[in-house]
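To start, the structure under review is shown below, and the notes come after it.
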Protein chains: 4
Amino acid sequence: MGGNTYGRFFKITTWGESHGKALGVVIDGCPPGVIISEEEINKELSLRKPKIDELSTSRKEEDSCNILSGAFEGKTLGTPISIMVNNRDVDSSSYEKIKDVFRPGHADYTYFKKYGLYDHRGGGRASGRETVARVAAGAVARKVLKNEIKGFELFSFTKEIGGIGISKIDHNSLKREKIVSDRLWCPDKKISEQMAQQILKAKYQGESVGGIVEIVAKNVPIGLGEPVFDKLEADLGKGLLSIGAVKGVEFGGGFNLSKLFGSESNDQMNSNGFVTNRTGGIVGGISNGEDIVIRVAVKPIPSISKEQKTIDNKGNERSIKIEGRHDPCAIPRINPVCEAMVAITILDHLLMQKSIGGIR
Amino acid sequence: MGGNTYGRFFKITTWGESHGKALGVVIDGCPPGVIISEEEINKELSLRKPKIDELSTSRKEEDSCNILSGAFEGKTLGTPISIMVNNRDVDSSSYEKIKDVFRPGHADYTYFKKYGLYDHRGGGRASGRETVARVAAGAVARKVLKNEIKGFELFSFTKEIGGIGISKIDHNSLKREKIVSDRLWCPDKKISEQMAQQILKAKYQGESVGGIVEIVAKNVPIGLGEPVFDKLEADLGKGLLSIGAVKGVEFGGGFNLSKLFGSESNDQMNSNGFVTNRTGGIVGGISNGEDIVIRVAVKPIPSISKEQKTIDNKGNERSIKIEGRHDPCAIPRINPVCEAMVAITILDHLLMQKSIGGIR
Amino acid sequence: MGGNTYGRFFKITTWGESHGKALGVVIDGCPPGVIISEEEINKELSLRKPKIDELSTSRKEEDSCNILSGAFEGKTLGTPISIMVNNRDVDSSSYEKIKDVFRPGHADYTYFKKYGLYDHRGGGRASGRETVARVAAGAVARKVLKNEIKGFELFSFTKEIGGIGISKIDHNSLKREKIVSDRLWCPDKKISEQMAQQILKAKYQGESVGGIVEIVAKNVPIGLGEPVFDKLEADLGKGLLSIGAVKGVEFGGGFNLSKLFGSESNDQMNSNGFVTNRTGGIVGGISNGEDIVIRVAVKPIPSISKEQKTIDNKGNERSIKIEGRHDPCAIPRINPVCEAMVAITILDHLLMQKSIGGIR
Amino acid sequence: MGGNTYGRFFKITTWGESHGKALGVVIDGCPPGVIISEEEINKELSLRKPKIDELSTSRKEEDSCNILSGAFEGKTLGTPISIMVNNRDVDSSSYEKIKDVFRPGHADYTYFKKYGLYDHRGGGRASGRETVARVAAGAVARKVLKNEIKGFELFSFTKEIGGIGISKIDHNSLKREKIVSDRLWCPDKKISEQMAQQILKAKYQGESVGGIVEIVAKNVPIGLGEPVFDKLEADLGKGLLSIGAVKGVEFGGGFNLSKLFGSESNDQMNSNGFVTNRTGGIVGGISNGEDIVIRVAVKPIPSISKEQKTIDNKGNERSIKIEGRHDPCAIPRINPVCEAMVAITILDHLLMQKSIGGIR
């Protein structure tokens with residue numbers, strides 16, 4: 001079983017440990033005849049690459065992919081697309097001295113208990129580096145979606161970092177190119193600056209921070225989602241909760257809807273369509289044509305240089321200060337990963353819907 | 001494809017429309033030799049049955065199941081278990097006059113767009129009544145879990161209704177039998193009374209309310225969850241988001257973790273185990289032996305008697321007041337459904353883990 | 001896991017023991033808007049019903065189905081279709097005295113070893129009666145295929161019984177209505193009579209016989225089949241080998257191709273298409289538009305009244321003569337089951353192909 | 001969907017075109033802690049490598065694998081194992097001039113019709129070269145099986161080539177090391193020589209031949225196989241029929257059983273176990289502890305230098321003589337591929353059975 005495959009129609013299988021030789025993804029079920037290139041994928045990969053500035057890690061992840069199969073003369077063949085990214089600039093030495101100690105907030109303990117052994121170097125399979133493969137697959141999914149859906153847009157932005165956030169924003173004013181030009185993917189420059197200060201404050205204290213990412217998909221066709229279990233929310237939720245640092249997900253009004261009256265929560269309609277979009281574009285598990293709006297809670301990076309108590313794999317009490325290169329905040333590097341999971345999920349459902357009834 | 005199957009090892013397939021002849025579930029993959037009875041399942045079904053009081057619907061859902069296969073002389077055979085519940089007290093007349101009108105907040109519009117036709121009577125397949133089948137399957141899953149896991153406990157309670165809630169509670173003080181004896185499944189009597197007032201207030205205004213349900217699983221073995229995509233959170237999240245009214249889900253500290261520093265979010269360890277449980281019992285997608293703690297946001301019931309604007313299936317503008325029998329709040333009837341999805345998901349992962357390494 | 005689900009798009013889950021209350025199937029993924037009726041399904045069920053004559057069992061299986069969900073006003077809804085058939089005329093008494101003895105050639109021993117217990121009555125889940133559910137699902141699949149594919153035909157005929165068979169036949173001369181009018185589904189009346197004599201000879205000796213069934217599907221669209229593992233042959237082979245009595249399957253020239261030269265095995269083409277059809281309509285795992293031709297080997301019914309040596313569930317040596325009502329030959333009752341599996345498999349692949357590229 | 005994944009527990013996904021950069025497999029669900037090495041896998045790969053003699057192709061496929069992930073310090077981690085083999089000695093020039101012509105017996109036509117385009121070089125994805133990935137995965141499966149099952153043996157031998165074969169053989173006299181030392185994997189030296197003459201005869205006529213491979217697995221635990229659809233025969237059959245050249249498969253007595261009486265087909269038992277093994281080790285879809293015995297029909301290699309009629313992708317009639325390097329017979333290079341599919345399928349079912357009841 002294993003758990004390393006996602007999607008049923010546009011099906012991705014990822015592989016690779018953080019400090020292994022390489023990592024990658026095999027995409028099965030991509031429609032044939034789609035133009036793809038390593039350049040396009042690399043462009044997406046560069047978005048999750050750490051920026052070399054005070055807010056980021058110093059590991060140089062200049063990731064460059066290699067399409068090993070599934071494309072011929074620049075077009076997809078309908079056969080599996082194997083994409084590989086080599087691991088470069090891997091320095092495992094800082095992990096050597098803590099290799100038998102369970103880092104708090106990391107998966108060392110649970111991997112050790114589940115599998116009986118684990119690759120301690122850089123978090124092994126549990127590392128955020130695994131998401132390189134997701135972003136590569138997401139780049140292909142995004143390309144297919146742009147071909148299949150007129151006016152399709154998918155972007156995410158940073159809504160909150162370390163408790164500092166933007167309260168309200170008009171999604172129609174947002175463009176992905178604009179958002180990603182901000183170093184924190186925050187569409188409000190002033191708040192972006194405050195967020196940066198918050199990250200720096202954490203960094204200087206040997207701490208880390210988390211935040212909230214909002215993802216928006218526009219012009220998704222009506223009718224995607226398979227009740228009752230493969231509802232669009234259920235599958236999007238699964239995809240996003242499969243990202244390491246995500247501890248919560250909500251759609252449209254989300255948790256806030258639980259505090260309202262029915263008339264404040266329902267979206268009424270008139271002959272122009274829906275008057276409001278409190279539900280986040282999904283009703284009864286099926287897309288209704290409105291913007292799909294999702295927010296995810298990202299916990300703080302667990303690697304901090306502050307001293308923490310833990311145990312080692314013999315059960316001895318130990319204390320640990322995590323050294324090495326670590327971001328003080330997973331945002332905005334996690335943003336393209338969220339987008340990738342949403343792109344893959346929407347495409348998966350689009351292909352599913354084509355099989356039973358076509359896209360209306 | 002269809003989307004009516006959940007789980008991979010303990011695999012359930014549900015079927016049935018709200019006002020059809022019957023509804024049911026086929027469970028495939030249940031271990032053999034487990035003692036089950038219709039009585040035990042009916043006991044769980046009675047927990048999602050509307051209580052006949054001022055807070056509830058007046059439809060009498062005295063559901064009684066029929067085990068049609070998969071058990072012999074009181075024990076499971078390892079073959080598929082087919083459980084059927086007949087639909088009784090079905091009165092479709094109140095739906096007749098609004099059969100071509102899309103009820104706001106309901107799935108009428110999206111079903112119509114996706115499938116080209118739908119059973120308008122009582123919400124058809126999109127009705128909350130579909131969850132009867134989930135609860136029946138959950139009763140079997142719960143039984144297997146009790147056999148397999150020493151000290152296993154699984155309960156849920158109402159944390160908030162219409163914005164009124166309990167802020168903090170010690171999970172160790174809670175027992176399922178005690179919780180379910182409260183008519184709102186709220187472990188704090190005083191707050192339960194305030195919640196009831198809030199529901200009544202809504203009801204008298206022709207409104208409805210939502211709330212937050214918290215689910216707790218105790219003594220779940222360490223090691224359940226299959227990184228990277230079938231993380232325990234991802235699968236639990238999918239299961240819970242597949243319930244109609246759920247619009248958000250969070251684990252442990254959830255959205256609040258996103259506002260903290262790393263040292264406030266990490267769970268440190270000593271020789272007695274974890275010192276805190278901010279992560280909600282799951283790290284790196286794998287259970288760590290601590291209580292699994294999940295909260296879901298339940299939106300208000302969309303059926304309200306207040307007048308709302310909508311359109312019909314010809315595109316004409318209409319206004320609608322929903323009559324008939326409707327709960328003003330999905331809580332606590334949704335609570336056993338949440339528990340069922342959690343039980344099925346945990347059992348699914350337990351069987352998965354047995355296949356590769358046994359339970360440590 | 002369990003193994004009671006077949007298909008991925010048009011997905012069927014069957015349930016039920018031979019002498020249980022009922023048996024049935026849930027179909028998930030059937031396209032919406034298809035006209036179906038219990039009458040049409042019953043008509044197919046009647047084809048696998050034992051004929052009341054000297055060649056057959058005397059159990060009266062007047063099977064009549066009940067569509068419990070998934071259809072409204074005579075049309076499929078796109079939601080799961082639950083079809084149930086009650087078990088009538090069940091007499092378990094003849095099984096009582098051999099309930100702890102493993103019947104040679106039956107699954108008693110392997111079920112006991114696998115599950116630790118089994119329903120001994122009438123073979124339980126391992127009974128051929130389970131195929132009622134397959135035929136019901138096949139009737140729906142056949143209906144959808146007729147809607148989707150112009151000129152689609154699917155039939156099977158008895159090629160050999162007890163070593164007596166027809167050597168060559170022109171598939172274009174065959175029509176299903178004609179074939180099924182023969183009591184042994186043999187298109188050659190003279191050979192049908194010889195086959196009947198062979199069956200009677202076996203019956204009078206307390207024996208049983210097997211044979212070979214040939215299945216033909218005409219006008220299957222080009223392009224069905226998903227290399228490399230879900231080749232059309234691989235999936236058809238799986239479907240047919242999942243029928244209890246089937247011990248071999250071959251496509252087109254089959255085993256005989258292995259004795260020929262390449263030039264005798266390849267199908268050459270000209271501007272009118274393929275000149276020959278030695279490959280049985282599938283090349284590289286993908287349908288090529290020619291007739292799909294499959295043959296399956298059906299072993300003799302294991303229930304014979306001749307004395308046989310065996311052991312009981314304590315390991316004691318026993319001898320057994322199987323009494324009760326048993327056909328001396330599974331053919332032609334198995335023929336509609338073979339057709340059902342082929343119909344379901346082809347429809348599954350048709351829907352799959354629609355998802356990636358439409359039907360050319 | 002795509003069809004490039006096989007297995008559910010020990011799940012393999014293969015990728016790669018014949019003349020692409022590389023090909024490989026990702027194995028998901030391999031138990032942790034298994035010792036594996038590139039050397040062991042290469043040893044298996046060398047068995048499917050063409051021997052450089054008169055009976056074989058002259059393409060030098062000195063395949064050497066690279067384990068890119070899933071193993072650490074020589075042991076499997078429980079994470080996905082990515083194995084890559086680079087394509088060397090690739091000369092696509094001989095394909096250039098026939099790139100728009102459909103080679104008879106090859107998948108060019110069906111790939112073109114299904115996908116709208118294909119990689120014509122060396123058969124692309126439809127090439128037998130794809131099976132390198134299967135053999136690599138099979139080597140890992142074989143290793144796990146040897147760890148898990150005492151006395152496990154799995155071998156295949158050439159039963160027939162071009163109509164010349166061995167009629168009867170005692171499986172207990174066979175050892176894999178001995179079989180593979182024969183250049184045609186035929187355990188009877190004299191017949192091996194006759195087979196070689198048959199191959200040469202074909203080769204000199206510009207022809208090719210096929211044959212029959214028999215696969216035997218010994219000491220498979222009782223209880224593997226999931227009725228009713230995932231019967232062990234059904235899954236083994238699917239696995240073997242997914243190999244390009246295989247056009248038929250049979251178990252135990254197979255097609256010959258269809259000609260016998262029930263008493264000649266049933267396996268009786270005494271206190272020592274089964275007296276015969278006509279069923280090939282599987283009853284009711286579940287292994288019974290006897291040798292699993294399977295035969296597959298391998299069609300002649302379609303590439304022949306004899307002139308054949310065909311059409312090109314514009315529909316024009318063409319004639320073609322296939323040049324380049326081609327084996328005149330797929331046997332014995334296909335034998336390790338058959339073994340690999342059997343190993344993977346048995347391991348898959350072993351892990352499945354562990355999840356519900358352990359191995360008895």
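Note on naming: chains are A, B, ... as they come in the structure tokens, residues start from 1 per chain, ligands start from 1 in the order shown.
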As a VMD selection string, please: the residues near stretch 316-323 of chain A (cut-off 12 Å, only C-alpha atoms, same-chain neighbours under 6 positions excluded). (chain A and resid 57 92 to 106 122 206 to 208 301 to 310) or (chain B and resid 262 to 263 268 to 274)
- With a distance cut-off of 12 Å and only C-alpha atoms, select the neighbouring residues of D:Lys175, excluding the residue or stretch itself and same-chain residues fewer than 4 positions from it, and output the selection as an MDAnalysis selection string. chainID D and resid 152:157 170:171 179:182 185:187 216:218
Within 9 Å of chain B, which residues of chain D come that close, and what is the closest atom pair and distance in Å for each? Count only C-alpha atoms and give it as a tab-separated table.
```
residue	atom	partner	partner_atom	distance
D:Phe9	CA	B:Ser355	CA	8.0
D:Gly29	CA	B:Ile356	CA	7.4
D:Cys30	CA	B:Ile356	CA	7.5
D:Pro31	CA	B:Ile356	CA	5.2
D:Pro32	CA	B:Ile356	CA	7.7
D:Gly78	CA	B:Ile356	CA	8.4
D:Thr79	CA	B:Pro227	CA	8.1
D:Pro227	CA	B:Thr79	CA	8.1
D:Val228	CA	B:Thr79	CA	8.9
D:Leu350	CA	B:Ser355	CA	8.3
D:Leu351	CA	B:Ser355	CA	4.8
D:Met352	CA	B:Ser355	CA	6.1
D:Gln353	CA	B:Ser355	CA	7.4
D:Lys354	CA	B:Ser355	CA	4.9
D:Ser355	CA	B:Ser355	CA	4.3
D:Ile356	CA	B:Pro31	CA	5.2
D:Gly357	CA	B:Pro31	CA	6.8
D:Gly358	CA	B:Ser355	CA	8.3
```
Could you pull out the alpha helix (DSSP H) residues of stretch 17-155 of chain A from DSSP and send them as a PyMOL selection string? chain A and resi 38-48+93-96+108-115+131-148
For C-alpha atoms, I'd like the residues from the last selection saved as a PDB file, in the first residue's frame.
```pdb
ATOM      1  CA  GLU A  38      11.576  20.899 -18.289  1.00  0.00           C
ATOM      2  CA  GLU A  39      11.762  24.697 -18.352  1.00  0.00           C
ATOM      3  CA  GLU A  40       8.103  25.110 -17.411  1.00  0.00           C
ATOM      4  CA  ILE A  41       8.453  22.664 -14.552  1.00  0.00           C
ATOM      5  CA  ASN A  42      11.672  24.289 -13.357  1.00  0.00           C
ATOM      6  CA  LYS A  43       9.888  27.607 -13.267  1.00  0.00           C
ATOM      7  CA  GLU A  44       7.397  26.197 -10.784  1.00  0.00           C
ATOM      8  CA  LEU A  45      10.170  24.509  -8.821  1.00  0.00           C
ATOM      9  CA  SER A  46      11.937  27.842  -8.488  1.00  0.00           C
ATOM     10  CA  LEU A  47       8.879  29.169  -6.640  1.00  0.00           C
ATOM     11  CA  ARG A  48       9.374  26.739  -3.765  1.00  0.00           C
ATOM     12  CA  SER A  93      27.176  16.075   8.743  1.00  0.00           C
ATOM     13  CA  SER A  94      25.054  18.221  11.060  1.00  0.00           C
ATOM     14  CA  TYR A  95      22.640  15.300  11.386  1.00  0.00           C
ATOM     15  CA  GLU A  96      25.329  12.843  12.381  1.00  0.00           C
ATOM     16  CA  ASP A 108      11.768  10.810  13.808  1.00  0.00           C
ATOM     17  CA  TYR A 109       9.957   9.105  16.668  1.00  0.00           C
ATOM     18  CA  THR A 110       6.919   7.958  14.707  1.00  0.00           C
ATOM     19  CA  TYR A 111       8.981   6.750  11.734  1.00  0.00           C
ATOM     20  CA  PHE A 112      11.241   4.816  14.095  1.00  0.00           C
ATOM     21  CA  LYS A 113       8.240   3.227  15.799  1.00  0.00           C
ATOM     22  CA  LYS A 114       6.414   2.478  12.563  1.00  0.00           C
ATOM     23  CA  TYR A 115       9.230   1.156  10.429  1.00  0.00           C
ATOM     24  CA  THR A 131       7.326  18.346  -1.887  1.00  0.00           C
ATOM     25  CA  VAL A 132       9.644  19.102  -4.822  1.00  0.00           C
ATOM     26  CA  ALA A 133       8.044  16.100  -6.510  1.00  0.00           C
ATOM     27  CA  ARG A 134       4.561  17.429  -5.795  1.00  0.00           C
ATOM     28  CA  VAL A 135       5.360  20.802  -7.309  1.00  0.00           C
ATOM     29  CA  ALA A 136       6.756  19.158 -10.436  1.00  0.00           C
ATOM     30  CA  ALA A 137       3.571  17.113 -10.838  1.00  0.00           C
ATOM     31  CA  GLY A 138       1.508  20.175 -10.073  1.00  0.00           C
ATOM     32  CA  ALA A 139       3.205  22.051 -12.891  1.00  0.00           C
ATOM     33  CA  VAL A 140       2.036  19.391 -15.330  1.00  0.00           C
ATOM     34  CA  ALA A 141      -1.467  19.371 -13.844  1.00  0.00           C
ATOM     35  CA  ARG A 142      -1.672  23.143 -14.111  1.00  0.00           C
ATOM     36  CA  LYS A 143      -0.698  22.943 -17.772  1.00  0.00           C
ATOM     37  CA  VAL A 144      -3.386  20.379 -18.520  1.00  0.00           C
ATOM     38  CA  LEU A 145      -5.979  22.433 -16.629  1.00  0.00           C
ATOM     39  CA  LYS A 146      -5.110  25.539 -18.622  1.00  0.00           C
ATOM     40  CA  ASN A 147      -5.656  23.529 -21.808  1.00  0.00           C
ATOM     41  CA  GLU A 148      -8.923  22.044 -20.656  1.00  0.00           C
TER      42      GLU A 148
END
```
Strand (DSSP E) call set, DSSP backbone run, stretch 20-71 of chain A, as a list in words: Ala22, Leu23, Gly24, Val25, Val26, Ile27, Asp28, Cys65, Asn66, Ile67 and Ala71 of chain A
Exercise for the section: May I have the residues within 10 Å of B:Lys75 as a PyMOL selection string, using only C-alpha atoms and disregarding those fewer than 6 positions away in the same chain? Expected result: (chain B and resi 32-37) or (chain C and resi 117-118)
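One finds atom CA of A:Ile215 at 10.5 Å from atom CA of A:Gly280.
Taking atom CA of A:Val249 as the reference point, atom CA of B:Gly248 is found at 5.6 Å.
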